[in-house]
$ cat run.cif   # mmCIF, C-alpha atoms
data_upload
loop_
_atom_site.label_atom_id
_atom_site.label_comp_id
_atom_site.auth_asym_id
_atom_site.auth_seq_id
_atom_site.Cartn_x
_atom_site.Cartn_y
_atom_site.Cartn_z
CA MET A 25 36.67 72.19 22.63
CA LYS A 26 39.81 70.09 22.34
CA VAL A 27 41.90 70.41 25.48
CA PHE A 28 45.52 69.34 25.94
CA GLN A 29 46.35 68.65 29.58
CA ILE A 30 49.91 68.64 30.90
CA GLY A 31 49.85 66.93 34.28
CA ALA A 32 46.69 65.01 33.44
CA ALA A 33 47.51 62.11 35.77
CA GLY A 34 48.04 64.40 38.75
CA GLY A 35 45.73 65.29 41.59
CA VAL A 36 44.03 68.19 39.82
CA GLY A 37 44.39 66.89 36.26
CA ARG A 38 42.63 63.59 36.82
CA ARG A 39 39.74 65.43 38.45
CA LEU A 40 39.46 67.94 35.62
CA THR A 41 39.26 65.48 32.72
CA PRO A 42 35.84 63.98 33.56
CA LEU A 43 34.38 67.45 34.04
CA LEU A 44 35.57 68.48 30.59
CA THR A 45 34.40 65.32 28.87
CA ALA A 46 31.01 65.58 30.58
CA ARG A 47 30.38 68.82 28.69
CA GLY A 48 31.52 67.26 25.42
CA ASP A 49 35.13 68.37 25.29
CA LEU A 50 37.83 66.07 23.92
CA VAL A 51 40.80 65.74 26.25
CA THR A 52 44.35 64.64 25.49
CA GLY A 53 46.32 63.96 28.65
CA MET A 54 50.11 64.11 28.55
CA HIS A 55 52.06 61.92 30.97
CA ARG A 56 55.67 60.84 31.34
CA GLY A 57 55.19 57.30 30.07
CA GLN A 58 54.52 55.19 33.13
CA PRO A 59 51.74 52.69 32.32
CA ALA A 60 49.85 53.53 35.51
CA GLN A 61 49.76 57.20 34.53
CA GLY A 62 48.37 56.35 31.10
CA GLU A 63 45.66 54.25 32.72
CA THR A 64 44.79 57.10 35.06
CA VAL A 65 44.31 59.42 32.10
CA ARG A 66 42.24 56.85 30.22
CA ALA A 67 40.09 56.03 33.26
CA ALA A 68 39.28 59.73 33.67
CA GLY A 69 38.04 59.87 30.07
CA GLY A 70 41.07 61.31 28.31
CA THR A 71 43.31 60.07 25.54
CA PRO A 72 46.80 59.50 26.94
CA VAL A 73 49.89 60.69 25.11
CA VAL A 74 53.48 60.31 26.28
CA GLY A 75 55.47 63.52 26.64
CA ASP A 76 58.34 64.85 28.71
CA LEU A 77 58.73 68.51 29.63
CA ILE A 78 62.45 67.99 30.19
CA ALA A 79 63.42 65.86 27.21
CA ASP A 80 60.96 67.12 24.59
CA SER A 81 61.77 70.18 22.51
CA VAL A 82 59.32 73.01 21.91
CA GLU A 83 58.72 71.55 18.45
CA ASP A 84 58.06 68.09 19.94
CA LEU A 85 55.49 69.50 22.34
CA ALA A 86 53.89 71.62 19.62
CA GLY A 87 53.44 68.51 17.51
CA LYS A 88 51.45 66.88 20.31
CA MET A 89 49.39 70.04 20.93
CA ARG A 90 48.56 70.79 17.31
CA GLY A 91 44.82 70.63 16.63
CA HIS A 92 43.87 71.52 20.21
CA ASP A 93 42.09 74.70 21.24
CA ALA A 94 43.45 75.02 24.76
CA VAL A 95 46.23 73.86 27.06
CA VAL A 96 45.93 73.31 30.81
CA PHE A 97 49.24 73.08 32.67
CA SER A 98 49.08 71.53 36.15
CA ALA A 99 52.36 69.60 36.07
CA GLY A 100 55.03 69.90 38.72
CA ALA A 101 58.21 68.35 40.08
CA HIS A 102 56.45 67.62 43.41
CA GLY A 103 59.48 67.84 45.66
CA THR A 104 61.86 65.73 43.56
CA GLY A 105 64.66 68.28 43.84
CA GLN A 106 65.53 71.84 42.88
CA ASP A 107 66.93 70.83 39.50
CA LYS A 108 63.66 69.10 38.57
CA THR A 109 61.66 72.06 39.85
CA THR A 110 63.61 74.37 37.56
CA LEU A 111 63.24 72.03 34.58
CA ILE A 112 59.55 71.17 35.02
CA ASP A 113 57.81 74.02 36.87
CA GLY A 114 60.06 76.64 35.31
CA ARG A 115 61.62 75.79 31.98
CA GLY A 116 58.89 73.21 31.32
CA LEU A 117 56.19 75.87 31.54
CA GLN A 118 58.15 78.14 29.23
CA LYS A 119 58.53 75.37 26.67
CA ALA A 120 54.84 74.50 26.93
CA ALA A 121 53.78 78.11 26.42
CA ASP A 122 56.06 78.49 23.39
CA ALA A 123 54.77 75.18 22.03
CA ALA A 124 51.14 76.26 22.46
CA ALA A 125 51.83 79.44 20.49
CA LEU A 126 53.56 77.44 17.78
CA ALA A 127 50.71 74.92 17.64
CA GLY A 128 47.96 77.55 17.56
CA ALA A 129 46.45 76.49 20.90
CA ALA A 130 45.76 80.03 22.04
CA ARG A 131 43.94 79.42 25.34
CA PHE A 132 46.45 78.55 28.09
CA VAL A 133 45.49 77.95 31.72
CA LEU A 134 48.28 77.59 34.28
CA VAL A 135 47.84 76.21 37.79
CA SER A 136 50.36 78.15 39.86
CA VAL A 137 50.75 78.77 43.60
CA PHE A 138 50.00 81.44 46.19
CA PRO A 139 53.11 83.55 46.87
CA GLU A 140 52.14 83.31 50.58
CA ALA A 141 51.98 79.51 50.54
CA LEU A 142 53.01 77.98 53.87
CA ARG A 143 54.66 81.21 55.07
CA ASP A 144 53.90 80.34 58.71
CA GLY A 145 55.84 77.06 58.68
CA THR A 146 59.45 76.02 58.41
CA ARG A 147 60.63 77.16 54.99
CA SER A 148 63.16 74.89 53.36
CA GLU A 149 65.59 75.98 50.67
CA GLY A 150 63.83 73.66 48.22
CA PHE A 151 60.42 75.17 48.90
CA GLU A 152 61.73 78.72 48.59
CA HIS A 153 63.25 77.75 45.26
CA TYR A 154 59.89 76.33 44.17
CA ILE A 155 58.07 79.57 45.02
CA LYS A 156 60.64 81.62 43.12
CA VAL A 157 60.49 79.36 40.05
CA LYS A 158 56.68 79.42 39.99
CA LYS A 159 56.61 83.23 40.12
CA THR A 160 59.12 83.45 37.27
CA ALA A 161 56.97 81.05 35.25
CA ASP A 162 53.90 83.22 35.89
CA VAL A 163 55.78 86.28 34.67
CA TYR A 164 56.92 84.46 31.53
CA LEU A 165 53.37 83.44 30.64
CA THR A 166 51.99 86.95 31.16
CA ARG A 167 54.48 88.27 28.60
CA THR A 168 53.28 85.97 25.82
CA ASP A 169 50.54 86.73 23.32
CA LEU A 170 48.54 83.70 24.46
CA ASP A 171 45.00 83.94 25.82
CA TRP A 172 46.33 83.06 29.27
CA LEU A 173 44.78 82.58 32.68
CA ILE A 174 46.80 81.92 35.84
CA VAL A 175 45.04 80.27 38.78
CA ARG A 176 46.81 80.30 42.15
CA PRO A 177 45.12 77.84 44.51
CA GLY A 178 45.79 77.69 48.22
CA THR A 179 46.99 74.58 50.03
CA LEU A 180 45.45 71.64 48.19
CA LEU A 181 43.18 69.20 50.02
CA ASP A 182 42.24 65.70 48.86
CA THR A 183 39.01 65.57 50.85
CA PRO A 184 35.74 65.96 48.87
CA GLY A 185 35.06 69.44 47.57
CA THR A 186 32.16 71.65 48.55
CA GLY A 187 31.56 73.29 45.17
CA ARG A 188 32.08 76.68 46.81
CA VAL A 189 35.14 78.93 46.65
CA THR A 190 36.57 82.36 47.24
CA ALA A 191 38.16 83.69 44.05
CA GLY A 192 39.63 87.03 43.04
CA PRO A 193 42.75 88.89 41.98
CA ALA A 194 43.79 88.99 45.65
CA VAL A 195 42.26 86.90 48.44
CA GLU A 196 43.46 85.82 51.87
CA TYR A 197 45.54 82.65 51.81
CA GLY A 198 43.83 79.40 52.82
CA ASP A 199 43.08 75.82 51.86
CA VAL A 200 41.13 74.62 48.83
CA HIS A 201 39.91 71.20 47.72
CA ARG A 202 41.41 69.72 44.57
CA ASP A 203 37.84 68.91 43.48
CA ASP A 204 36.97 72.59 43.63
CA VAL A 205 40.14 73.66 41.82
CA ALA A 206 39.21 71.28 38.99
CA ALA A 207 35.66 72.61 38.92
CA PHE A 208 36.95 76.18 38.77
CA LEU A 209 39.34 75.35 35.93
CA ASP A 210 36.54 73.65 34.00
CA ALA A 211 34.26 76.68 34.30
CA ALA A 212 37.02 79.24 33.74
CA LEU A 213 38.33 77.49 30.64
CA HIS A 214 34.91 78.02 29.06
CA ALA A 215 34.55 81.66 30.08
CA PRO A 216 36.28 83.54 27.23
CA ALA A 217 35.99 86.88 29.00
CA LEU A 218 38.13 85.56 31.85
CA SER A 219 41.39 86.19 30.06
CA ARG A 220 44.88 87.51 30.81
CA VAL A 221 44.25 87.73 34.55
CA ILE A 222 45.61 86.09 37.68
CA VAL A 223 43.05 84.56 40.03
CA GLU A 224 43.73 83.43 43.60
CA LEU A 225 41.51 80.61 44.82
CA THR A 226 40.59 79.19 48.22
CA SER A 227 37.61 77.48 49.79
CA GLY A 228 34.70 79.83 50.42
CA ASP A 229 30.98 80.44 50.18
CA THR A 230 30.44 81.26 46.49
CA PRO A 231 29.35 78.50 44.08
CA VAL A 232 32.11 77.88 41.56
CA ALA A 233 30.02 78.84 38.53
CA ASP A 234 28.97 82.11 40.18
CA ALA A 235 32.56 82.92 41.09
CA VAL A 236 33.67 82.48 37.48
CA THR A 237 30.73 84.51 36.15
CA ARG A 238 31.53 87.41 38.50
CA LEU A 239 35.20 87.42 37.60
CA ALA A 240 34.45 87.28 33.87
CA ALA A 241 31.99 90.17 34.20
CA ALA A 242 34.59 92.27 35.99
#
$ encode --input "run.cif" --output "structure tokens"
Amino acid sequence: MKVFQIGAAGGVGRRLTPLLTARGDLVTGMHRGQPAQGETVRAAGGTPVVGDLIADSVEDLAGKMRGHDAVVFSAGAHGTGQDKTTLIDGRGLQKAADAAALAGAARFVLVSVFPEALRDGTRSEGFEHYIKVKKTADVYLTRTDLDWLIVRPGTLLDTPGTGRVTAGPAVEYGDVHRDDVAAFLDAALHAPALSRVIVELTSGDTPVADAVTRLAAA
């Protein structure tokens, strides 16, 4: 499989690339053009390509995606302001989905967010805007004809993963390791039956591969 990653230099993206390449997939990792980001993509085993969700048109993005089988979108504005959140997490996802359809990359996996994320803490205007934008992006993707999958992980942890998760259409909110999110995406991307569904994901007791198999069977 040829996979086009948007957000390939990020915390989840750089963990996903080596998992994909280990099974023989070819990965193209889009980044915004900073040399360090390109090196991160290359070090993970991907082929870096410069792209910008804000500046690039749908046609520009489709040109980069053409020839790929699947797109994984894990990009985000990461707290750089509400305008950037709208343009990257919101409009950027819409452009990427339209570009994937135009390019013929039918499989589209989006890393989203739990609607309940951090509900027990102080909620800033910027964070509330982020949650709203992410939900609108989810809705947009579900209304396309793509072979989509939306994964909503809990609060992301950088500590080593356990290889075990809780996954389902609705699970209690909690933490999850970025390692385990990447492992879930890797397995889910290669489970064709797991299609056009939303999956919530936290740490748990079920091996990642078993969790994906159960969801695909359901």
$ atom_distance --input "run.cif" --atom1 "atom CA of Val95 of chain A" --atom2 "atom CA of Val27 of chain A"
5.8 Å
$ atom_distance --input "run.cif" --atom1 "atom CA of Ser136 of chain A" --atom2 "atom CA of Ala233 of chain A"
20.4 Å
$ closest_residue --input "run.cif" --among "A:Ala206, A:Met54, A:Trp172, A:Thr109" --to "Glu152 of chain A" --atoms "all atoms listed in the file"
A:Thr109
$ resolve_selection --input "run.cif" --expression "the PyMOL selection byres ((chain A and resi 217-224) around 9)" --output "ChimeraX atom specification"
/A:131,137-138,162,166,170-178,190-197,212-216,225-226,236-237,239-242
$ atom_distance --input "run.cif" --atom1 "atom CA of Ala127 of chain A" --atom2 "atom CA of Gly87 of chain A"
7.0 Å
$ residues_near_point --input "run.cif" --point "(35.0, 65.7, 48.8)" --cutoff "10 Å" --atoms "all atoms listed in the file" --output "list in words"
Leu181, Asp182, Thr183, Pro184, Gly185, Thr186, Gly187, His201, Arg202, Asp203 and Asp204 of chain A
